[in-house]
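Asks: Okay, here's the structure, questions in a sec.
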Amino acid sequence: MFISLGNRTSVTGRLAAALILGTATGALAVGMAAPAHAQDANANLRGSVTLNGAPAATEVVVIDVNSGFRRTATVRPDGSFDVPSLRPSTYRIELQTAEGVKRTDEFTLIAGQNAVLDFDFTPEEQAAYDTGEIIVTGSRLKSFEGGEVGVNITNREIEQLPQNNRNFLAFADLAPGVQFVTGANGQSRLQGGAQDSRTVNIFIDGVGQKDYVLKNGVTGQDSTQGNPFPQLAVGEYRVISSNYKAEFDQVSSVAITAATKSGTNEFHGEAFVDFTNQSLRSRTPVEDASLTREKSKTRDFQFGGALGGPIVKDLAHFFVTYEGKRQQVPVEIFPGITDNTQNLPASFAGEFGNFNRTFNEDLYFGKIDILPTDKDLFEASLKVRIETGEGINNGSNLRETAVNQGIDEYRGLLRWEHRSDSFVNDLKLTYEDVSWSPNPVLFENASVFQDAQGRQIIRTGGGANFQDKGQTGYGIQNDFTYFGLEGHSIKFGAKAKWVELNSLSLINTNPVFVYNTQYNPAAMNNTGTFNTSVPYQVQFGFDSGLGGDPVVTSKNFQLGLYVQDDWEITDRLTLNLGIRWDYDRTPQYVDFVTTPSAIQAVSPANYPNLVNADYDINDYISDGSQRKTFTGAFQPRIGFSYILDEESSFVLFGGFGRSYDRNQFDFIQQETSVGAFSTRTFRFQVPGDTRNTCVPSPTCVAWDPIYLTEEGRTQLVNSVGPQGGAELRFINNDLKVPYSDQFSLGLRRRFGLVDGEVGYQHIESRDGFAWLLGNRRPDGSFFAPAPANQDSPFGFAPPGRGAIILGDNGLSTSADSAYLKLTKRYSPSSPWNVTATYTYTEAEENRAFGETFSLDFPTIADYPTLRSSGVSRHRFVAAGAADLPWDFTLSAKVTLASPPYLKGFSTGPNGERIILGTVGDNTERFPFIVTDTWALRQVDLALTKYITLGFLNEDARIRLRVDAINVFDYKNFTNYNGNARDVVDDANGVFGSLTGLGTGGNPPRTFKFSAGFSF
């Protein structure tokens, strides 16, 4: 948007303003509001053209100055017009009048924006009207956001703000209540409110990227340090943390709606390289603790390019991009315990120290658009993502235990948008094929070597993780917007998807033999005093013989319907009224038939423990007719905005809505896969090993080297029959779908160039999926009578079987947040921008954050509701950039968060199990400027120098940049003592106190150098 301010402010003034706005947390702020944003990230433009109270034009033509994309709207008798579904870009308007064409200057529409542009010409503006020189000032172009709580991330912010991983989602935490979290292994995730990342969804060009199988919300983000989409292809995006419109589906926390770039009428392109290594970072706390240890070798090399332009000017355009990532990640491998390491065989001597694991990612995106008429737009796009790497982490697992990590993702989109004077129809055809497939580097026996106390020294041999999971399918969705009814913008749509979900899980395909290295050293042959010959246990995966299949597929059908009306009741009051309904049929769950062997295992004759149990096992047994697809997913979405004053300066806004997510397939499929391929455990009689003893039985046999072979292990399985300790998993026949209820209320206002917002949001989630322990003692109870210790009844499984694990609903969270947000947008006359958000959150949960296994109490209702362990009470994020003299740009991001809340188990006076949370100030806090509230403190800076080339075109230039991540080198520790029994000082410290030197994914001070070329 162009804002006329006269003289530009000084560089010092701009930097001072950016600093003040970036750190302010106590100013009162309010702002503008009205209809909410579109799911497809396009902008909507409406307004009026009047002169002396009468219509001043017959038509409004909106022109994308980059691509020549034109949209025409008829001016109604009252002077109003509507131009919906405009791609984020720079536009110019032509007003068709009786006197000729009147033109405006250029202005910008951003992703998801609902803009109002009124031309109510006063006598003072008559000259501008007569000459056609109409300036679109900041007071004339207004943006309305309705009841949504969120923030827009522009292309300038994506390109300028400091970061070290080129993940375009890294700035989503500027929205109230949103966190962008990076783990110690480099994997990143989004989360909102008190919900975990599986409740998130990202919409790219209007198409959801939901992962139906795995956690972390969107495809390709589970167990990877890769990025979901090439950053060069993202134009801009909007983050919505609550109260989205009815178009949004399969999400109950954070929704991201992003618009990709398109080609224009001029050829433009760019290329870049980013690089950092261990020489460009500070020492980690672990490295500092051992001053003689060299820094672990690190290498992060990222590169790519993009090209776009006309195929036929004003008619067809193309855009293509590629981004590559080549990383060498440091891995420290050392014995897990030092006992008996002095006797390690010489063959292990070179296996310890600092090593590297590799990670490679290739991201491709291509797009073609065709504009045959001013009423039609055709688009075709394709995304390809390919990742390879080694799954090995810090610890005592040797490099040979690594797992090959692999992700292959293909997504295609065909789109046809057609419009008339009163409606826009948007038809999309989609295709997706996603595969996540970790598998062992070596297929051979694995060995775990322990000390005499059962603590791991090292692990060797083949890795344990062998899986292949994903989704393949196609869909059709249509969105129809009608704006021919005065005061209404009515949108309704439908989406149908046919997607096949698949899961292969062969965990422990490689057998794991466990050795007490200190067993009977004098009798060992050729092993000195380190036993590598006689194991006391073996675990391995094997076909249970009880039915089921480790390869599980489900041909799902999904249907979503919605209607949304943005109703301008008066010139001050707007209501956003919407409702949607979703249907998701999963045949693997609905048509599932419990195997006869599982029914027999829990029958009263075989397992009378359930006769007097506090649940009915029949609620979890199905013959294929008991289960129904959930049809109650009706989701009202209501928002409002009310302009409080005649100048439209103060706007009150709010909303309420319900949003259903889904039960991920990785839970559902375990009824079939766990029973089909189960982990078998056999103990060996080892004379003289007094710690690892076992009573002779079918699962406790004398050691024989034949058990090192598949033939020998088959003998073990056959000796115990099909049961063999195989675990039983049952899912409730009346499984519900997780959902959240959301409420918000706030006030917005513009202070000159600054948009302010203060608000409150409440989000409750219900019916989250959980695994419960179904074992019961002989009298049907879960706990033994007091004063016995209240241990879970794992030792009371059905004869010959493992534990009974029940899948059910019951996880719940609640988050109340008060927030303050300040935003100043960039403009040529005021070339700096900043967004700052402070959020105070009180969050609760009835289970540890992100945890689904709930095996410590008989039901979810028995877990106390405590403060959430995954949400910081205080969080402040600010980011901004300012243009400097001599073609420099300085940008910064500040992230502050208070410490986590910890929970742990303890024992009551009668031996009962209780859960405690930290109640004092045990968690570590550090000062930042004026307070010691913060446990996380990170300040990132980036300085960019542009060098104009003077050839090819006027935009040709070279970019040189340096990013300084965590410039003050704050040590943001993540390890806390979670043992609630440590209520006094001991070896672990006080419960909740800082322990260890781990910083998780919080980096030390790191410099990254970049170079680029664009034209």
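Going by the structure tokens order, chains are called A, B, ..., each with residues numbered from 1, while ligands are numbered from 1 in the order shown.
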Which residues come within 8 Å of Ala848 of chain A, counting only C-alpha atoms, excluding same-chain residues fewer than 3 positions away, as an MDAnalysis selection string?
Replies: chainID A and resid 845 851 868:869 903
Asks: Could those selected residues go to a file with C-alpha atoms, as a compact mmCIF listing (two decimals), in the first residue's frame?
Replies:
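This is the output file part.txt:
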```txt
# COMPACT_ATOMS: atom_id res chain seq x y z
CA GLU A 845 -4.18 -30.16 30.23
CA GLU A 851 1.62 -37.60 25.23
CA SER A 868 0.25 -27.29 30.55
CA SER A 869 3.87 -28.37 30.26
CA LYS A 903 4.99 -32.52 36.01
```
Asks: Residues of segment 170-239 of chain A that approach segment 768-783 of chain A to 12 Å or less, counting only C-alpha atoms: could you list each one with the shortest pair of atoms and its distance in Å to one decimal, rows by chain and increasing residue number, as CSV?
Replies:
```
residue,atom,partner,partner_atom,distance
A:Gln195,CA,A:Gly768,CA,9.6
A:Asp196,CA,A:Gly768,CA,10.4
A:Arg198,CA,A:Gly768,CA,10.6
A:Thr199,CA,A:Gly768,CA,9.9
```
Asks: Kindly provide the residues of segment 601-667 of chain A that approach segment 139-143 of chain A to within 12 Å, each paired with its closest atom pair and their distance in Å to one decimal, based on only C-alpha atoms, listed by chain and increasing number, as CSV.
Replies:
```
residue,atom,partner,partner_atom,distance
A:Glu647,CA,A:Ser139,CA,10.0
A:Ser648,CA,A:Lys142,CA,9.4
A:Ser649,CA,A:Ser139,CA,10.1
A:Val651,CA,A:Ser143,CA,11.6
```
Asks: Neighbouring residues of Gln456 of chain A were defined as those with any atom within 8 Å, considering only C-alpha atoms; residues of the same chain fewer than 5 positions away were excluded. Please report them as a list in words.
Replies: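 In the requested format, the answer is Pro335, Gly336, Ile337, Ser396, Val448, Phe449, Gln450 and Asp451 of chain A.
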Asks: Hey, what does DSSP flag as strand (DSSP E or B) within segment 836-1011 of chain A? Can you give it to me as a PyMOL selection string?
Replies: chain A and resi 836-845+853-854+866-867+874-884+888-897+903-907+913-917+926-928+931-934+936-948+957-965+976+994+1006-1011
Asks: Tell me which protein, DNA and RNA residues are within 10 Å of Val590 of chain A, counting only C-alpha atoms, leaving out same-chain ones fewer than 6 positions away, and put them as a PyMOL selection string.
Replies: chain A and resi 622+624-630+733-735
Asks: As a PyMOL selection string, please: all residues of segment 279-367 of chain A that backbone DSSP puts in helix (DSSP H, G or I).
Replies: chain A and resi 279-280+285-289+341-343+346-351
Asks: Keeping only N, CA and C atoms, write the selected residues to a file as a PDB file, in the first residue's frame.
Replies:
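To be explicit, this is the file written out as result-v2.pdb:
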```
ATOM      1  N   SER A 279      33.159 -23.377  12.284  1.00  0.00           N
ATOM      2  CA  SER A 279      34.043 -22.225  12.496  1.00  0.00           C
ATOM      3  C   SER A 279      33.252 -20.939  12.648  1.00  0.00           C
ATOM      4  N   LEU A 280      31.980 -20.979  12.277  1.00  0.00           N
ATOM      5  CA  LEU A 280      31.141 -19.779  12.316  1.00  0.00           C
ATOM      6  C   LEU A 280      30.147 -19.802  13.468  1.00  0.00           C
ATOM      7  N   PRO A 285      27.411 -25.491  25.232  1.00  0.00           N
ATOM      8  CA  PRO A 285      27.714 -25.737  26.643  1.00  0.00           C
ATOM      9  C   PRO A 285      28.429 -27.066  26.884  1.00  0.00           C
ATOM     10  N   VAL A 286      28.083 -28.104  26.098  1.00  0.00           N
ATOM     11  CA  VAL A 286      28.763 -29.398  26.249  1.00  0.00           C
ATOM     12  C   VAL A 286      30.224 -29.267  25.864  1.00  0.00           C
ATOM     13  N   GLU A 287      30.491 -28.538  24.788  1.00  0.00           N
ATOM     14  CA  GLU A 287      31.881 -28.344  24.370  1.00  0.00           C
ATOM     15  C   GLU A 287      32.633 -27.475  25.369  1.00  0.00           C
ATOM     16  N   ASP A 288      31.946 -26.486  25.939  1.00  0.00           N
ATOM     17  CA  ASP A 288      32.575 -25.639  26.949  1.00  0.00           C
ATOM     18  C   ASP A 288      32.958 -26.427  28.194  1.00  0.00           C
ATOM     19  N   ALA A 289      32.123 -27.429  28.533  1.00  0.00           N
ATOM     20  CA  ALA A 289      32.387 -28.207  29.741  1.00  0.00           C
ATOM     21  C   ALA A 289      33.679 -28.992  29.634  1.00  0.00           C
ATOM     22  N   THR A 341      33.971 -49.713  30.824  1.00  0.00           N
ATOM     23  CA  THR A 341      34.448 -49.251  29.521  1.00  0.00           C
ATOM     24  C   THR A 341      35.958 -49.438  29.377  1.00  0.00           C
ATOM     25  N   GLN A 342      36.657 -49.603  30.481  1.00  0.00           N
ATOM     26  CA  GLN A 342      38.085 -49.836  30.384  1.00  0.00           C
ATOM     27  C   GLN A 342      38.396 -51.175  29.734  1.00  0.00           C
ATOM     28  N   ASN A 343      37.387 -52.058  29.678  1.00  0.00           N
ATOM     29  CA  ASN A 343      37.591 -53.384  29.091  1.00  0.00           C
ATOM     30  C   ASN A 343      36.966 -53.527  27.705  1.00  0.00           C
ATOM     31  N   ALA A 346      39.164 -53.888  21.591  1.00  0.00           N
ATOM     32  CA  ALA A 346      39.871 -52.934  20.739  1.00  0.00           C
ATOM     33  C   ALA A 346      39.093 -52.618  19.471  1.00  0.00           C
ATOM     34  N   SER A 347      38.218 -53.537  19.045  1.00  0.00           N
ATOM     35  CA  SER A 347      37.467 -53.313  17.804  1.00  0.00           C
ATOM     36  C   SER A 347      36.528 -52.119  17.900  1.00  0.00           C
ATOM     37  N   PHE A 348      36.210 -51.671  19.122  1.00  0.00           N
ATOM     38  CA  PHE A 348      35.325 -50.522  19.302  1.00  0.00           C
ATOM     39  C   PHE A 348      36.089 -49.210  19.474  1.00  0.00           C
ATOM     40  N   ALA A 349      37.393 -49.258  19.441  1.00  0.00           N
ATOM     41  CA  ALA A 349      38.190 -48.079  19.791  1.00  0.00           C
ATOM     42  C   ALA A 349      37.901 -46.883  18.891  1.00  0.00           C
ATOM     43  N   GLY A 350      37.658 -47.099  17.611  1.00  0.00           N
ATOM     44  CA  GLY A 350      37.444 -45.986  16.699  1.00  0.00           C
ATOM     45  C   GLY A 350      35.998 -45.579  16.529  1.00  0.00           C
ATOM     46  N   GLU A 351      35.099 -46.090  17.390  1.00  0.00           N
ATOM     47  CA  GLU A 351      33.670 -45.854  17.226  1.00  0.00           C
ATOM     48  C   GLU A 351      33.145 -44.679  18.048  1.00  0.00           C
TER      49      GLU A 351
END
```
Asks: Which one of A:Val499, A:Val320, A:Ile947, A:Ile706 sits closest to Asp584 of chain A if you count only C-alpha atoms?
Replies: A:Val499
Asks: Find the residues near segment 177-187 of chain A: any atom within 6 Å, counting only C-alpha atoms, skip ones fewer than 4 places away on the same chain, and give them as a short mmCIF file (atom, residue, chain, number, x, y, z; two decimals) with N, CA and C atoms, in the first residue's frame.
Replies:
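Here's the written file selection26.cif:
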```cif
data_model
loop_
_atom_site.label_atom_id
_atom_site.label_comp_id
_atom_site.auth_asym_id
_atom_site.auth_seq_id
_atom_site.Cartn_x
_atom_site.Cartn_y
_atom_site.Cartn_z
N ASP A 173 5.36 -17.59 14.56
CA ASP A 173 5.21 -17.32 15.99
C ASP A 173 5.00 -15.84 16.29
N GLN A 191 2.80 -25.20 16.81
CA GLN A 191 1.76 -25.54 17.78
C GLN A 191 1.05 -24.26 18.20
N GLY A 192 -0.20 -24.43 18.63
CA GLY A 192 -1.00 -23.29 19.03
C GLY A 192 -1.83 -23.59 20.24
N GLY A 193 -2.08 -22.58 21.04
CA GLY A 193 -2.82 -22.78 22.29
C GLY A 193 -2.11 -23.80 23.13
N THR A 224 11.89 -35.19 10.55
CA THR A 224 12.74 -34.66 9.49
C THR A 224 13.18 -33.25 9.84
N GLN A 225 14.36 -32.88 9.38
CA GLN A 225 14.82 -31.50 9.54
C GLN A 225 14.63 -30.71 8.25
N GLY A 1000 18.74 -28.33 23.44
CA GLY A 1000 17.75 -28.71 22.45
C GLY A 1000 18.06 -28.13 21.09
N GLY A 1001 17.05 -27.53 20.46
CA GLY A 1001 17.25 -26.91 19.15
C GLY A 1001 17.62 -25.44 19.23
#
```
